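Report on the structure given below.
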Amino acid sequence: MQSLFGTGVALVTPFKKDFSVDVEALKAIVNFQIDNGIDYLVVLGTTAETATLTKEEKELVIKTVVETNQGRLPLVLGVGSNNTQEVVAELKARDFSDFTAILSVSPYYNKPTQEGIYQHFKAVAEASPIPVILYNVPGRTASNVLPSTIIRLANDFKNIVAVKEAAGDMVQAMKLIQHAPKDFLVISGDDMITLPMVLAGGAGVISVIAEGFPKQFSEMVHLGLNKKADEAYKIHYLLAEAIDMIFEQGNPAGIKEVFKALGLSENTVRLPLVNVDENLAKRLHDFTNKIAIM
């Protein structure tokens, strides 16, 4: 799918100081992405603190992003759970007319076998009216979706079109790129190894850091897709320090501090997450200001 090449961003859910959803800040963040070269937007992923949103708040976030986007960029919706029946029910009930694909995380906490993971995504693929992006993030789910399982799913279900691969393992990523079906997209879910993955044949990224520095990161990814490695690596090394910093004390606390520095939103996160400490906040603000004047 050509619309899923390049740089997608996992949108945060900005909160006011009273912890309510900040609709105006969300609009500003969406426009900031569009104005600075992002290729598509991912709604209600992990970075959106979806686990702490009520059903009504999730609908508010979707409505706000769709209305602000106005069809300018492709939209991907996060639809995942460790309850397979719950995912299937949502897929059958929701109107997906505004969305290009869904992003569906491997079941977390339950720790299913590879066969269990296959059967979960089989049910998802059979229920989804739009293309499916698998999401492998062992650091959050406590289980790794092996390349053999992903390739099996890609071969068995035409509407499973991509994987967001966030194991942080270049060897695993390269196995996927080498052995997956021709049109299957391997998308980086790890900002630090995005460029090596793209240069190895990956399709791009669903990123956190790109949300704060969309112009620079998107340019890097497109240079990588065009095999201009030397130019791309200059940007990679410029942003590498910030990639480490935004994850140093948890996501999305780090990227929300960047948004505060940019004047786009408050840095509020919901428990059990907490704000970054003063030392990291200062370093993030200093880096953001440095990039802004370059």
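Here, A, B, ... name the chains of the structure tokens in the order displayed, residue numbers run from 1 inside each chain, and ligands are numbered from 1 in the same displayed order.
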Residues of range 173-284 of chain A that have any atom at most 7 Å from an atom of range 29-37 of chain A: could you tabulate them with the shortest-distance atom pair and the distance in Å to one decimal, using only C-alpha atoms, ordered by chain and increasing number, as CSV?
residue,atom,partner,partner_atom,distance
A:Glu211,CA,A:Gln33,CA,6.7
A:Pro214,CA,A:Asn36,CA,5.7
A:Lys215,CA,A:Asn36,CA,4.8
A:Ser218,CA,A:Gly37,CA,6.3
A:Leu264,CA,A:Ile29,CA,6.5
Restrict the selected residues to N, CA, C and O atoms and save them as an mmCIF file, in the first residue's frame.
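And here's result.cif as it stands now:
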data_model
loop_
_atom_site.group_PDB
_atom_site.id
_atom_site.type_symbol
_atom_site.label_atom_id
_atom_site.label_comp_id
_atom_site.auth_asym_id
_atom_site.auth_seq_id
_atom_site.Cartn_x
_atom_site.Cartn_y
_atom_site.Cartn_z
ATOM 1 N N GLU A 211 6.901 12.985 15.668
ATOM 2 C CA GLU A 211 5.785 13.848 16.063
ATOM 3 C C GLU A 211 6.279 15.190 16.584
ATOM 4 O O GLU A 211 5.648 16.222 16.391
ATOM 5 N N PRO A 214 8.848 16.635 13.035
ATOM 6 C CA PRO A 214 8.328 15.983 11.819
ATOM 7 C C PRO A 214 9.093 16.320 10.551
ATOM 8 O O PRO A 214 9.319 15.437 9.713
ATOM 9 N N LYS A 215 9.496 17.550 10.399
ATOM 10 C CA LYS A 215 10.178 17.953 9.165
ATOM 11 C C LYS A 215 11.486 17.191 8.997
ATOM 12 O O LYS A 215 11.770 16.630 7.932
ATOM 13 N N SER A 218 10.947 13.115 8.853
ATOM 14 C CA SER A 218 10.332 12.721 7.582
ATOM 15 C C SER A 218 11.324 12.863 6.431
ATOM 16 O O SER A 218 11.391 11.998 5.544
ATOM 17 N N LEU A 264 2.750 23.655 21.860
ATOM 18 C CA LEU A 264 1.592 23.028 21.234
ATOM 19 C C LEU A 264 0.610 22.446 22.246
ATOM 20 O O LEU A 264 -0.583 22.327 21.954
#
Determine, counting only C-alpha atoms, which protein, DNA and RNA residues have an atom within 9 Å of an atom of Thr268 in chain A; residues of the same chain fewer than 2 positions away are not included. Present the result as a PDB file with C-alpha atoms, in the first residue's frame.
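File written: out-v1.pdb
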ATOM      1  CA  PRO A  14      -2.966  15.946  24.829  1.00  0.00           C
ATOM      2  CA  PHE A  15      -4.530  16.633  28.217  1.00  0.00           C
ATOM      3  CA  LYS A  16      -5.282  19.867  30.013  1.00  0.00           C
ATOM      4  CA  LYS A  17      -3.934  20.365  33.523  1.00  0.00           C
ATOM      5  CA  ASP A  18      -7.217  18.958  34.862  1.00  0.00           C
ATOM      6  CA  PHE A  19      -6.512  15.734  32.852  1.00  0.00           C
ATOM      7  CA  ALA A 253       6.053  11.681  28.875  1.00  0.00           C
ATOM      8  CA  LYS A 256       4.782  15.561  25.583  1.00  0.00           C
ATOM      9  CA  GLU A 257       7.618  17.598  27.100  1.00  0.00           C
ATOM     10  CA  SER A 265       0.215  21.442  24.405  1.00  0.00           C
ATOM     11  CA  GLU A 266       0.658  20.868  28.117  1.00  0.00           C
ATOM     12  CA  ARG A 270      -2.292  10.310  33.232  1.00  0.00           C
ATOM     13  CA  VAL A 274       4.228  10.683  35.455  1.00  0.00           C
ATOM     14  CA  ASN A 275       6.030  13.665  33.990  1.00  0.00           C
TER      15      ASN A 275
END
Skipping near chain neighbours, those fewer than 4 positions away, what residues fall within 12 Å of Ala154 in chain A using only C-alpha atoms, listed as a VMD selection string? chain A and resid 118 121 to 122 125 131 to 134 147 to 150 158 to 163 176 179 to 186
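Reported to one decimal place, the separation of CA of Val208 in chain A from CA of Thr47 in chain A is 7.5 Å.
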Just want the 12 Å neighbourhood of range 60-68 of chain A, counted on only C-alpha atoms, with same-chain residues fewer than 6 positions away dropped. Output as an MDAnalysis selection string. chainID A and resid 11:15 20:34 40:45 48:50 53:54 74:78 94:100
Option closest in space to Thr46 in chain A, from A:Ala89, A:Ala123, A:Ile206, A:Ile187 [counting only C-alpha atoms]: A:Ile206
Using only C-alpha atoms, can you tell me which of A:Ile130, A:Ala10, A:Ile293, A:Met1 comes closest to Asn251 in chain A? A:Ala10
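For Gly168 in chain A, the list of residues within 8 Å, based on only C-alpha atoms and with local chain neighbours fewer than 5 positions off taken out, reads Gly189, Asp190 and Ile193 of chain A.
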Selection above as a file: N, CA, C and O atoms, as an mmCIF file, in the first residue's frame:
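Once written, again06.cif looks like this:
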data_model
loop_
_atom_site.group_PDB
_atom_site.id
_atom_site.type_symbol
_atom_site.label_atom_id
_atom_site.label_comp_id
_atom_site.auth_asym_id
_atom_site.auth_seq_id
_atom_site.Cartn_x
_atom_site.Cartn_y
_atom_site.Cartn_z
ATOM 1 N N GLY A 189 8.988 0.233 14.041
ATOM 2 C CA GLY A 189 8.324 0.772 15.221
ATOM 3 C C GLY A 189 9.331 1.209 16.253
ATOM 4 O O GLY A 189 8.997 1.435 17.413
ATOM 5 N N ASP A 190 10.582 1.333 15.837
ATOM 6 C CA ASP A 190 11.684 1.708 16.721
ATOM 7 C C ASP A 190 12.426 2.867 16.063
ATOM 8 O O ASP A 190 13.092 2.689 15.045
ATOM 9 N N ILE A 193 16.323 2.641 15.045
ATOM 10 C CA ILE A 193 16.793 1.809 13.927
ATOM 11 C C ILE A 193 15.927 1.975 12.683
ATOM 12 O O ILE A 193 15.980 1.158 11.767
#
Would you list, as JSON, numbers by chain, the residues of range 95-294 of chain A that end up in strand (DSSP E or B) under DSSP run on this structure's backbone? {"A": [101, 102, 103, 104, 105, 132, 133, 134, 135, 136, 160, 161, 162, 163, 164, 165, 185, 186, 187, 188, 204, 205, 206, 207]}
Which of range 192-235 of chain A DSSP labels alpha helix (DSSP H), written as an MDAnalysis selection string: chainID A and resid 194:199 209:212 214:225 229:235
Suppose we keep N, CA and C atoms; can you now write the selection as a PDB file, in the first residue's frame?
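Final output, saved to part-v3.pdb:
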ATOM      1  N   THR A 194      15.173   3.050  12.638  1.00  0.00           N
ATOM      2  CA  THR A 194      14.337   3.309  11.457  1.00  0.00           C
ATOM      3  C   THR A 194      15.162   3.397  10.185  1.00  0.00           C
ATOM      4  N   LEU A 195      16.219   4.210  10.201  1.00  0.00           N
ATOM      5  CA  LEU A 195      16.994   4.401   8.975  1.00  0.00           C
ATOM      6  C   LEU A 195      17.658   3.110   8.506  1.00  0.00           C
ATOM      7  N   PRO A 196      18.336   2.341   9.373  1.00  0.00           N
ATOM      8  CA  PRO A 196      18.873   1.057   8.895  1.00  0.00           C
ATOM      9  C   PRO A 196      17.801   0.136   8.328  1.00  0.00           C
ATOM     10  N   MET A 197      16.625   0.115   8.946  1.00  0.00           N
ATOM     11  CA  MET A 197      15.550  -0.726   8.428  1.00  0.00           C
ATOM     12  C   MET A 197      15.103  -0.264   7.053  1.00  0.00           C
ATOM     13  N   VAL A 198      14.959   1.041   6.868  1.00  0.00           N
ATOM     14  CA  VAL A 198      14.544   1.579   5.569  1.00  0.00           C
ATOM     15  C   VAL A 198      15.589   1.254   4.503  1.00  0.00           C
ATOM     16  N   LEU A 199      16.858   1.444   4.836  1.00  0.00           N
ATOM     17  CA  LEU A 199      17.923   1.174   3.870  1.00  0.00           C
ATOM     18  C   LEU A 199      18.006  -0.313   3.526  1.00  0.00           C
ATOM     19  N   ILE A 209       9.281  10.085  17.814  1.00  0.00           N
ATOM     20  CA  ILE A 209      10.137  11.272  17.707  1.00  0.00           C
ATOM     21  C   ILE A 209       9.709  12.173  16.551  1.00  0.00           C
ATOM     22  N   ALA A 210       9.204  11.572  15.471  1.00  0.00           N
ATOM     23  CA  ALA A 210       8.798  12.374  14.310  1.00  0.00           C
ATOM     24  C   ALA A 210       7.656  13.318  14.637  1.00  0.00           C
ATOM     25  N   GLU A 211       6.901  12.985  15.668  1.00  0.00           N
ATOM     26  CA  GLU A 211       5.785  13.848  16.063  1.00  0.00           C
ATOM     27  C   GLU A 211       6.279  15.190  16.584  1.00  0.00           C
ATOM     28  N   GLY A 212       7.451  15.168  17.240  1.00  0.00           N
ATOM     29  CA  GLY A 212       8.026  16.411  17.759  1.00  0.00           C
ATOM     30  C   GLY A 212       8.900  17.120  16.753  1.00  0.00           C
ATOM     31  N   PRO A 214       8.848  16.635  13.035  1.00  0.00           N
ATOM     32  CA  PRO A 214       8.328  15.983  11.819  1.00  0.00           C
ATOM     33  C   PRO A 214       9.093  16.320  10.551  1.00  0.00           C
ATOM     34  N   LYS A 215       9.496  17.550  10.399  1.00  0.00           N
ATOM     35  CA  LYS A 215      10.178  17.953   9.165  1.00  0.00           C
ATOM     36  C   LYS A 215      11.486  17.191   8.997  1.00  0.00           C
ATOM     37  N   GLN A 216      12.272  17.158  10.069  1.00  0.00           N
ATOM     38  CA  GLN A 216      13.587  16.533   9.990  1.00  0.00           C
ATOM     39  C   GLN A 216      13.488  15.013   9.843  1.00  0.00           C
ATOM     40  N   PHE A 217      12.632  14.397  10.666  1.00  0.00           N
ATOM     41  CA  PHE A 217      12.571  12.932  10.635  1.00  0.00           C
ATOM     42  C   PHE A 217      11.967  12.430   9.328  1.00  0.00           C
ATOM     43  N   SER A 218      10.947  13.115   8.853  1.00  0.00           N
ATOM     44  CA  SER A 218      10.332  12.721   7.582  1.00  0.00           C
ATOM     45  C   SER A 218      11.324  12.863   6.431  1.00  0.00           C
ATOM     46  N   GLU A 219      12.109  13.926   6.463  1.00  0.00           N
ATOM     47  CA  GLU A 219      13.126  14.100   5.421  1.00  0.00           C
ATOM     48  C   GLU A 219      14.133  12.954   5.466  1.00  0.00           C
ATOM     49  N   MET A 220      14.533  12.560   6.677  1.00  0.00           N
ATOM     50  CA  MET A 220      15.479  11.455   6.823  1.00  0.00           C
ATOM     51  C   MET A 220      14.917  10.171   6.218  1.00  0.00           C
ATOM     52  N   VAL A 221      13.663   9.875   6.525  1.00  0.00           N
ATOM     53  CA  VAL A 221      13.043   8.641   6.024  1.00  0.00           C
ATOM     54  C   VAL A 221      12.963   8.671   4.498  1.00  0.00           C
ATOM     55  N   HIS A 222      12.581   9.790   3.927  1.00  0.00           N
ATOM     56  CA  HIS A 222      12.466   9.864   2.471  1.00  0.00           C
ATOM     57  C   HIS A 222      13.828   9.779   1.795  1.00  0.00           C
ATOM     58  N   LEU A 223      14.846  10.349   2.413  1.00  0.00           N
ATOM     59  CA  LEU A 223      16.203  10.186   1.881  1.00  0.00           C
ATOM     60  C   LEU A 223      16.596   8.710   1.927  1.00  0.00           C
ATOM     61  N   GLY A 224      16.236   8.030   3.015  1.00  0.00           N
ATOM     62  CA  GLY A 224      16.525   6.606   3.121  1.00  0.00           C
ATOM     63  C   GLY A 224      15.807   5.794   2.069  1.00  0.00           C
ATOM     64  N   LEU A 225      14.528   6.100   1.837  1.00  0.00           N
ATOM     65  CA  LEU A 225      13.763   5.381   0.817  1.00  0.00           C
ATOM     66  C   LEU A 225      14.362   5.581  -0.572  1.00  0.00           C
ATOM     67  N   ALA A 229      21.949   7.418   1.608  1.00  0.00           N
ATOM     68  CA  ALA A 229      22.306   7.041   2.971  1.00  0.00           C
ATOM     69  C   ALA A 229      23.115   8.117   3.686  1.00  0.00           C
ATOM     70  N   ASP A 230      24.103   8.703   3.031  1.00  0.00           N
ATOM     71  CA  ASP A 230      24.971   9.669   3.709  1.00  0.00           C
ATOM     72  C   ASP A 230      24.187  10.885   4.195  1.00  0.00           C
ATOM     73  N   GLU A 231      23.314  11.404   3.325  1.00  0.00           N
ATOM     74  CA  GLU A 231      22.499  12.560   3.723  1.00  0.00           C
ATOM     75  C   GLU A 231      21.526  12.189   4.834  1.00  0.00           C
ATOM     76  N   ALA A 232      20.956  10.996   4.739  1.00  0.00           N
ATOM     77  CA  ALA A 232      19.989  10.557   5.740  1.00  0.00           C
ATOM     78  C   ALA A 232      20.647  10.378   7.101  1.00  0.00           C
ATOM     79  N   TYR A 233      21.859   9.812   7.105  1.00  0.00           N
ATOM     80  CA  TYR A 233      22.525   9.573   8.390  1.00  0.00           C
ATOM     81  C   TYR A 233      22.922  10.865   9.087  1.00  0.00           C
ATOM     82  N   LYS A 234      23.143  11.935   8.353  1.00  0.00           N
ATOM     83  CA  LYS A 234      23.415  13.232   8.996  1.00  0.00           C
ATOM     84  C   LYS A 234      22.236  13.643   9.875  1.00  0.00           C
ATOM     85  N   ILE A 235      21.019  13.421   9.375  1.00  0.00           N
ATOM     86  CA  ILE A 235      19.828  13.763  10.153  1.00  0.00           C
ATOM     87  C   ILE A 235      19.646  12.777  11.301  1.00  0.00           C
TER      88      ILE A 235
END
Work out how far CA of Phe259 in chain A is from CA of Glu241 in chain A, in Å to one decimal. 16.8 Å
One residue among A:Pro107, A:Gly202, A:Pro112, A:Pro138 is nearest to Lys175 in chain A when using only C-alpha atoms, and that residue is A:Gly202
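Taking CA of Asn144 in chain A as the reference point, CA of Ser207 in chain A is found at 19.6 Å.
Residue nearest Asn110 in chain A within the list A:Asn267, A:Ser128, A:Gln2, A:Asn83: A:Asn83 [criterion: smallest interatomic distance, only C-alpha atoms].
With only C-alpha atoms as the atoms that count, the residue of A:Ile177, A:Pro252, A:Val88, A:Asp244 with the shortest distance to Leu271 in chain A is A:Pro252.
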